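Asker: Pasting run_6.cif here (mmCIF, C-alpha atoms, pLDDT in the B column; chains and numbers go by the auth columns):
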```
data_query
#
loop_
_atom_site.group_PDB
_atom_site.id
_atom_site.type_symbol
_atom_site.label_atom_id
_atom_site.label_comp_id
_atom_site.label_asym_id
_atom_site.label_seq_id
_atom_site.Cartn_x
_atom_site.Cartn_y
_atom_site.Cartn_z
_atom_site.B_iso_or_equiv
_atom_site.auth_seq_id
_atom_site.auth_asym_id
ATOM 1 C CA MET A 1 -1.909 -25.924 -9.938 52.00 1 A
ATOM 2 C CA SER A 2 -4.194 -22.897 -9.733 57.00 2 A
ATOM 3 C CA ARG A 3 -3.260 -19.553 -11.297 63.00 3 A
ATOM 4 C CA ASP A 4 -2.842 -18.075 -7.792 68.00 4 A
ATOM 5 C CA ARG A 5 -0.416 -20.826 -6.806 69.00 5 A
ATOM 6 C CA GLU A 6 1.516 -20.353 -10.052 70.00 6 A
ATOM 7 C CA THR A 7 2.028 -16.642 -9.556 83.00 7 A
ATOM 8 C CA LYS A 8 2.282 -16.287 -5.758 85.00 8 A
ATOM 9 C CA PRO A 9 6.068 -16.861 -5.530 89.00 9 A
ATOM 10 C CA PHE A 10 6.593 -14.350 -8.341 93.00 10 A
ATOM 11 C CA ARG A 11 4.331 -11.756 -6.681 92.00 11 A
ATOM 12 C CA TYR A 12 6.368 -12.042 -3.484 92.00 12 A
ATOM 13 C CA LEU A 13 9.627 -11.867 -5.452 94.00 13 A
ATOM 14 C CA THR A 14 8.368 -8.740 -7.250 94.00 14 A
ATOM 15 C CA ARG A 15 7.637 -7.037 -3.902 94.00 15 A
ATOM 16 C CA VAL A 16 11.080 -7.900 -2.499 92.00 16 A
ATOM 17 C CA LEU A 17 12.807 -6.656 -5.642 92.00 17 A
ATOM 18 C CA ALA A 18 10.801 -3.407 -5.574 92.00 18 A
ATOM 19 C CA LEU A 19 11.964 -2.739 -2.016 89.00 19 A
ATOM 20 C CA ALA A 20 15.535 -3.000 -3.300 87.00 20 A
ATOM 21 C CA GLY A 21 14.798 -0.635 -6.201 87.00 21 A
ATOM 22 C CA ALA A 22 14.705 -3.423 -8.783 91.00 22 A
ATOM 23 C CA GLY A 23 12.244 -5.482 -10.795 94.00 23 A
ATOM 24 C CA LEU A 24 11.943 -8.832 -12.536 95.00 24 A
ATOM 25 C CA GLU A 25 14.099 -7.447 -15.353 95.00 25 A
ATOM 26 C CA HIS A 26 17.027 -7.514 -12.898 95.00 26 A
ATOM 27 C CA VAL A 27 16.740 -11.251 -12.159 97.00 27 A
ATOM 28 C CA VAL A 28 19.681 -13.053 -13.744 96.00 28 A
ATOM 29 C CA SER A 29 19.243 -16.535 -12.270 97.00 29 A
ATOM 30 C CA LEU A 30 16.284 -18.439 -10.876 96.00 30 A
ATOM 31 C CA THR A 31 15.999 -21.808 -9.139 97.00 31 A
ATOM 32 C CA LYS A 32 12.511 -23.345 -9.245 95.00 32 A
ATOM 33 C CA PHE A 33 11.604 -25.910 -6.585 95.00 33 A
ATOM 34 C CA LEU A 34 8.605 -28.014 -7.648 95.00 34 A
ATOM 35 C CA THR A 35 6.927 -30.871 -5.812 94.00 35 A
ATOM 36 C CA ASP A 36 5.843 -32.435 -9.131 95.00 36 A
ATOM 37 C CA VAL A 37 7.933 -31.471 -12.171 95.00 37 A
ATOM 38 C CA GLU A 38 5.774 -33.415 -14.645 96.00 38 A
ATOM 39 C CA ARG A 39 2.608 -31.689 -13.440 92.00 39 A
ATOM 40 C CA ASP A 40 3.875 -28.144 -12.873 91.00 40 A
ATOM 41 C CA ASN A 41 7.004 -27.295 -14.879 92.00 41 A
ATOM 42 C CA ALA A 42 5.223 -26.367 -18.121 92.00 42 A
ATOM 43 C CA ILE A 43 2.773 -24.137 -16.243 91.00 43 A
ATOM 44 C CA VAL A 44 5.510 -22.364 -14.276 92.00 44 A
ATOM 45 C CA THR A 45 7.581 -21.840 -17.435 92.00 45 A
ATOM 46 C CA THR A 46 4.549 -20.312 -19.188 92.00 46 A
ATOM 47 C CA VAL A 47 4.022 -17.902 -16.275 92.00 47 A
ATOM 48 C CA MET A 48 7.723 -16.990 -16.331 94.00 48 A
ATOM 49 C CA ARG A 49 7.512 -16.151 -20.050 94.00 49 A
ATOM 50 C CA GLU A 50 4.567 -13.857 -19.311 93.00 50 A
ATOM 51 C CA LEU A 51 6.206 -12.084 -16.348 93.00 51 A
ATOM 52 C CA PHE A 52 9.893 -11.746 -17.173 95.00 52 A
ATOM 53 C CA PRO A 53 10.974 -9.179 -19.790 91.00 53 A
ATOM 54 C CA ALA A 54 13.995 -11.421 -20.511 93.00 54 A
ATOM 55 C CA MET A 55 14.127 -15.016 -19.323 94.00 55 A
ATOM 56 C CA PRO A 56 16.815 -15.493 -16.673 96.00 56 A
ATOM 57 C CA THR A 57 18.900 -18.631 -16.549 96.00 57 A
ATOM 58 C CA SER A 58 17.021 -21.198 -14.519 95.00 58 A
ATOM 59 C CA THR A 59 17.393 -24.522 -12.791 97.00 59 A
ATOM 60 C CA THR A 60 14.486 -26.772 -11.866 96.00 60 A
ATOM 61 C CA VAL A 61 14.680 -29.046 -8.837 97.00 61 A
ATOM 62 C CA GLU A 62 12.029 -31.560 -7.822 97.00 62 A
ATOM 63 C CA VAL A 63 11.551 -31.831 -4.052 96.00 63 A
ATOM 64 C CA SER A 64 9.365 -34.133 -1.969 94.00 64 A
ATOM 65 C CA ARG A 65 7.692 -31.230 -0.171 92.00 65 A
ATOM 66 C CA LEU A 66 8.077 -27.575 0.701 91.00 66 A
ATOM 67 C CA VAL A 67 7.666 -25.602 3.896 86.00 67 A
ATOM 68 C CA PRO A 68 5.005 -24.504 4.638 78.00 68 A
ATOM 69 C CA ARG A 69 3.069 -27.610 3.730 84.00 69 A
ATOM 70 C CA GLY A 70 0.718 -27.366 0.795 84.00 70 A
ATOM 71 C CA LEU A 71 3.044 -25.367 -1.445 86.00 71 A
ATOM 72 C CA HIS A 72 3.778 -26.892 -4.835 87.00 72 A
ATOM 73 C CA PHE A 73 6.265 -24.309 -6.042 90.00 73 A
ATOM 74 C CA GLU A 74 8.958 -22.037 -4.632 92.00 74 A
ATOM 75 C CA VAL A 75 11.669 -19.890 -6.222 93.00 75 A
ATOM 76 C CA ASN A 76 15.109 -18.643 -5.298 94.00 76 A
ATOM 77 C CA ALA A 77 16.320 -15.703 -7.370 95.00 77 A
ATOM 78 C CA ILE A 78 19.574 -13.844 -7.886 95.00 78 A
ATOM 79 C CA ALA A 79 19.194 -10.294 -9.163 95.00 79 A
ATOM 80 C CA ALA A 80 21.706 -7.708 -10.353 93.00 80 A
ATOM 81 C CA VAL A 81 20.240 -4.742 -8.483 84.00 81 A
ATOM 82 C CA PRO A 82 21.183 -1.165 -9.400 75.00 82 A
ATOM 83 C CA ALA A 83 23.300 0.626 -6.795 78.00 83 A
ATOM 84 C CA ARG A 84 21.427 2.865 -4.363 70.00 84 A
ATOM 85 C CA SER A 85 22.263 4.823 -1.270 66.00 85 A
ATOM 86 C CA GLY A 86 21.091 3.807 2.174 66.00 86 A
ATOM 87 C CA PRO A 87 20.077 0.461 3.642 66.00 87 A
ATOM 88 C CA VAL A 88 17.263 -1.703 2.291 62.00 88 A
ATOM 89 C CA VAL A 89 14.749 -2.797 4.940 66.00 89 A
ATOM 90 C CA LEU A 90 12.487 -5.670 3.939 62.00 90 A
ATOM 91 C CA ASP A 91 8.994 -5.895 5.382 64.00 91 A
ATOM 92 C CA GLN A 92 8.426 -9.560 6.283 60.00 92 A
ATOM 93 C CA SER A 93 4.722 -9.064 7.049 60.00 93 A
ATOM 94 C CA GLY A 94 3.642 -10.377 3.668 52.00 94 A
#
```
Take the structure in the file and write it out as structure tokens.

Answerer:
Amino acid sequence: MSRDRETKPFRYLTRVLALAGAGLEHVVSLTKFLTDVERDNAIVTTVMRELFPAMPTSTTVEVSRLVPRGLHFEVNAIAAVPARSGPVVLDQSG
């Protein structure tokens, strides 16, 4: 897995959290979906240790493929976001 592929889900997650007034330090639980656990889990865990101020609880699930095709790794995160006033509007453009 290339460095870009390793970090892309986390870069997207960081942008979504920022829109909600939060950061990776607010992530309390993470589910990692990998198409090849033997090949990729150690790499993804290393990237997580570099990016997260405190490691969240995590679950790793091996899947046969992800959508869109060609992805090797995807994450689902739960974050404890600080309260803020007004609605949060997420920009889906990328």

Asker: Could you please determine the separation between atom CA of A:Thr31 and atom CA of A:Thr59 in Å, to one decimal place?

Answerer: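 Going from atom CA of A:Thr31 over to atom CA of A:Thr59, I get 4.8 Å.
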
Asker: Could you please determine the separation between atom CA of A:Leu19 and atom CA of A:Met55 in Å, to one decimal place?

Answerer: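 That distance, rounded to one decimal, is 21.3 Å.
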
Asker: Residues within 8 Å of A:Ala20, please, as a PyMOL selection string. Count only C-alpha atoms; anything in the same chain fewer than 2 positions from it doesn't count.

Answerer: chain A and resi 16-18+22+81+88

Asker: So what does the PyMOL selection byres ((chain A and resi 46-51) around 12) actually pick up in this one, as number ranges by chain?

Answerer: A: 1-11, 13-14, 23-25, 27, 30-32, 40-45, 52-58, 75

Asker: Please dump the current selection as a PDB file, in the coordinates of the input; keep C-alpha atoms.

Answerer:
```pdb
ATOM      1  CA  MET A   1      -1.909 -25.924  -9.938  1.00 52.00           C
ATOM      2  CA  SER A   2      -4.194 -22.897  -9.733  1.00 57.00           C
ATOM      3  CA  ARG A   3      -3.260 -19.553 -11.297  1.00 63.00           C
ATOM      4  CA  ASP A   4      -2.842 -18.075  -7.792  1.00 68.00           C
ATOM      5  CA  ARG A   5      -0.416 -20.826  -6.806  1.00 69.00           C
ATOM      6  CA  GLU A   6       1.516 -20.353 -10.052  1.00 70.00           C
ATOM      7  CA  THR A   7       2.028 -16.642  -9.556  1.00 83.00           C
ATOM      8  CA  LYS A   8       2.282 -16.287  -5.758  1.00 85.00           C
ATOM      9  CA  PRO A   9       6.068 -16.861  -5.530  1.00 89.00           C
ATOM     10  CA  PHE A  10       6.593 -14.350  -8.341  1.00 93.00           C
ATOM     11  CA  ARG A  11       4.331 -11.756  -6.681  1.00 92.00           C
ATOM     12  CA  LEU A  13       9.627 -11.867  -5.452  1.00 94.00           C
ATOM     13  CA  THR A  14       8.368  -8.740  -7.250  1.00 94.00           C
ATOM     14  CA  GLY A  23      12.244  -5.482 -10.795  1.00 94.00           C
ATOM     15  CA  LEU A  24      11.943  -8.832 -12.536  1.00 95.00           C
ATOM     16  CA  GLU A  25      14.099  -7.447 -15.353  1.00 95.00           C
ATOM     17  CA  VAL A  27      16.740 -11.251 -12.159  1.00 97.00           C
ATOM     18  CA  LEU A  30      16.284 -18.439 -10.876  1.00 96.00           C
ATOM     19  CA  THR A  31      15.999 -21.808  -9.139  1.00 97.00           C
ATOM     20  CA  LYS A  32      12.511 -23.345  -9.245  1.00 95.00           C
ATOM     21  CA  ASP A  40       3.875 -28.144 -12.873  1.00 91.00           C
ATOM     22  CA  ASN A  41       7.004 -27.295 -14.879  1.00 92.00           C
ATOM     23  CA  ALA A  42       5.223 -26.367 -18.121  1.00 92.00           C
ATOM     24  CA  ILE A  43       2.773 -24.137 -16.243  1.00 91.00           C
ATOM     25  CA  VAL A  44       5.510 -22.364 -14.276  1.00 92.00           C
ATOM     26  CA  THR A  45       7.581 -21.840 -17.435  1.00 92.00           C
ATOM     27  CA  PHE A  52       9.893 -11.746 -17.173  1.00 95.00           C
ATOM     28  CA  PRO A  53      10.974  -9.179 -19.790  1.00 91.00           C
ATOM     29  CA  ALA A  54      13.995 -11.421 -20.511  1.00 93.00           C
ATOM     30  CA  MET A  55      14.127 -15.016 -19.323  1.00 94.00           C
ATOM     31  CA  PRO A  56      16.815 -15.493 -16.673  1.00 96.00           C
ATOM     32  CA  THR A  57      18.900 -18.631 -16.549  1.00 96.00           C
ATOM     33  CA  SER A  58      17.021 -21.198 -14.519  1.00 95.00           C
ATOM     34  CA  VAL A  75      11.669 -19.890  -6.222  1.00 93.00           C
TER      35      VAL A  75
END
```

Asker: Find, counting all atoms listed in the file, the residue in A:Gly21, A:Tyr12, A:Thr60, A:Leu34 that gets nearest to A:Phe73.

Answerer: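 Under the stated criterion, the closest residue is A:Leu34.
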
Asker: Could you pull the residues within 6 Å of stretch 61-70 of chain A, counting all atoms listed in the file, minus those fewer than 4 positions along the same chain, as number ranges by chain?

Answerer: A: 33-35, 37

Asker: Out of A:His72, A:Ile78, A:Arg84, A:Arg15, which residue has the shortest atom-to-atom distance to A:Ser29 when counting only C-alpha atoms?

Answerer: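 That would be A:Ile78, the residue with the smallest distance to A:Ser29.
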
Asker: Return as JSON the box centre and box size in Å, one decimal, for an axis-aligned box around all listed atoms of stretch 32-35 of chain A padded by 4 Å per side.

Answerer:
```
{"center_x": 9.7, "center_y": -27.1, "center_z": -7.5, "size_x": 13.6, "size_y": 15.5, "size_z": 11.4}
```

Asker: Is it possible to add all heavy atoms to stretch 42-53 of chain A and hand it back as a compact mmCIF listing (two decimals), in the coordinates of the input?

Answerer:
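Once everything was written out, this is rebuild.txt:
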```
# COMPACT_ATOMS: atom_id res chain seq x y z
N ALA A 42 5.70 -27.08 -16.93
CA ALA A 42 5.22 -26.37 -18.12
C ALA A 42 4.41 -25.14 -17.73
O ALA A 42 4.54 -24.07 -18.35
CB ALA A 42 4.40 -27.30 -19.00
N ILE A 43 3.59 -25.26 -16.69
CA ILE A 43 2.77 -24.14 -16.24
C ILE A 43 3.65 -23.01 -15.71
O ILE A 43 3.48 -21.84 -16.05
CB ILE A 43 1.78 -24.59 -15.15
CG1 ILE A 43 0.81 -25.63 -15.72
CG2 ILE A 43 1.02 -23.41 -14.56
CD1 ILE A 43 0.00 -26.35 -14.67
N VAL A 44 4.63 -23.36 -14.87
CA VAL A 44 5.51 -22.36 -14.28
C VAL A 44 6.33 -21.68 -15.36
O VAL A 44 6.51 -20.46 -15.35
CB VAL A 44 6.42 -23.00 -13.20
CG1 VAL A 44 7.49 -22.03 -12.74
CG2 VAL A 44 5.58 -23.47 -12.02
N THR A 45 6.81 -22.42 -16.34
CA THR A 45 7.58 -21.84 -17.43
C THR A 45 6.72 -20.87 -18.24
O THR A 45 7.19 -19.80 -18.63
CB THR A 45 8.16 -22.95 -18.33
OG1 THR A 45 9.00 -23.78 -17.53
CG2 THR A 45 8.96 -22.37 -19.48
N THR A 46 5.46 -21.21 -18.48
CA THR A 46 4.55 -20.31 -19.19
C THR A 46 4.36 -19.01 -18.41
O THR A 46 4.41 -17.92 -18.99
CB THR A 46 3.18 -20.99 -19.41
OG1 THR A 46 3.38 -22.16 -20.22
CG2 THR A 46 2.19 -20.06 -20.08
N VAL A 47 4.18 -19.10 -17.11
CA VAL A 47 4.02 -17.90 -16.27
C VAL A 47 5.30 -17.07 -16.33
O VAL A 47 5.25 -15.84 -16.45
CB VAL A 47 3.66 -18.29 -14.82
CG1 VAL A 47 3.76 -17.08 -13.89
CG2 VAL A 47 2.27 -18.90 -14.76
N MET A 48 6.45 -17.72 -16.26
CA MET A 48 7.72 -16.99 -16.33
C MET A 48 7.83 -16.22 -17.64
O MET A 48 8.26 -15.07 -17.66
CB MET A 48 8.90 -17.95 -16.19
CG MET A 48 9.13 -18.45 -14.78
SD MET A 48 10.47 -19.65 -14.68
CE MET A 48 11.86 -18.67 -15.26
N ARG A 49 7.44 -16.84 -18.75
CA ARG A 49 7.51 -16.15 -20.05
C ARG A 49 6.60 -14.93 -20.09
O ARG A 49 6.90 -13.95 -20.76
CB ARG A 49 7.16 -17.12 -21.17
CG ARG A 49 8.26 -18.11 -21.45
CD ARG A 49 8.03 -18.88 -22.74
NE ARG A 49 9.15 -19.76 -22.98
CZ ARG A 49 9.07 -21.08 -22.98
NH1 ARG A 49 7.91 -21.68 -22.80
NH2 ARG A 49 10.14 -21.82 -23.18
N GLU A 50 5.49 -14.99 -19.36
CA GLU A 50 4.57 -13.86 -19.31
C GLU A 50 5.11 -12.73 -18.43
O GLU A 50 4.88 -11.56 -18.71
CB GLU A 50 3.21 -14.31 -18.77
CG GLU A 50 2.45 -15.24 -19.68
CD GLU A 50 1.21 -15.83 -19.02
OE1 GLU A 50 0.86 -15.41 -17.88
OE2 GLU A 50 0.58 -16.71 -19.62
N LEU A 51 5.80 -13.07 -17.35
CA LEU A 51 6.21 -12.08 -16.35
C LEU A 51 7.58 -11.46 -16.57
O LEU A 51 7.77 -10.28 -16.27
CB LEU A 51 6.19 -12.71 -14.95
CG LEU A 51 4.84 -13.17 -14.42
CD1 LEU A 51 5.01 -13.86 -13.08
CD2 LEU A 51 3.89 -12.00 -14.29
N PHE A 52 8.52 -12.24 -17.06
CA PHE A 52 9.89 -11.75 -17.17
C PHE A 52 10.13 -11.09 -18.53
O PHE A 52 9.87 -11.70 -19.57
CB PHE A 52 10.89 -12.89 -16.98
CG PHE A 52 11.03 -13.33 -15.56
CD1 PHE A 52 10.20 -14.29 -15.02
CD2 PHE A 52 12.00 -12.77 -14.73
CE1 PHE A 52 10.32 -14.70 -13.71
CE2 PHE A 52 12.13 -13.16 -13.41
CZ PHE A 52 11.28 -14.13 -12.90
N PRO A 53 10.66 -9.85 -18.53
CA PRO A 53 10.97 -9.18 -19.79
C PRO A 53 12.02 -9.96 -20.59
O PRO A 53 11.94 -10.02 -21.81
CB PRO A 53 11.53 -7.83 -19.35
CG PRO A 53 11.10 -7.65 -17.94
CD PRO A 53 10.92 -9.01 -17.37
```
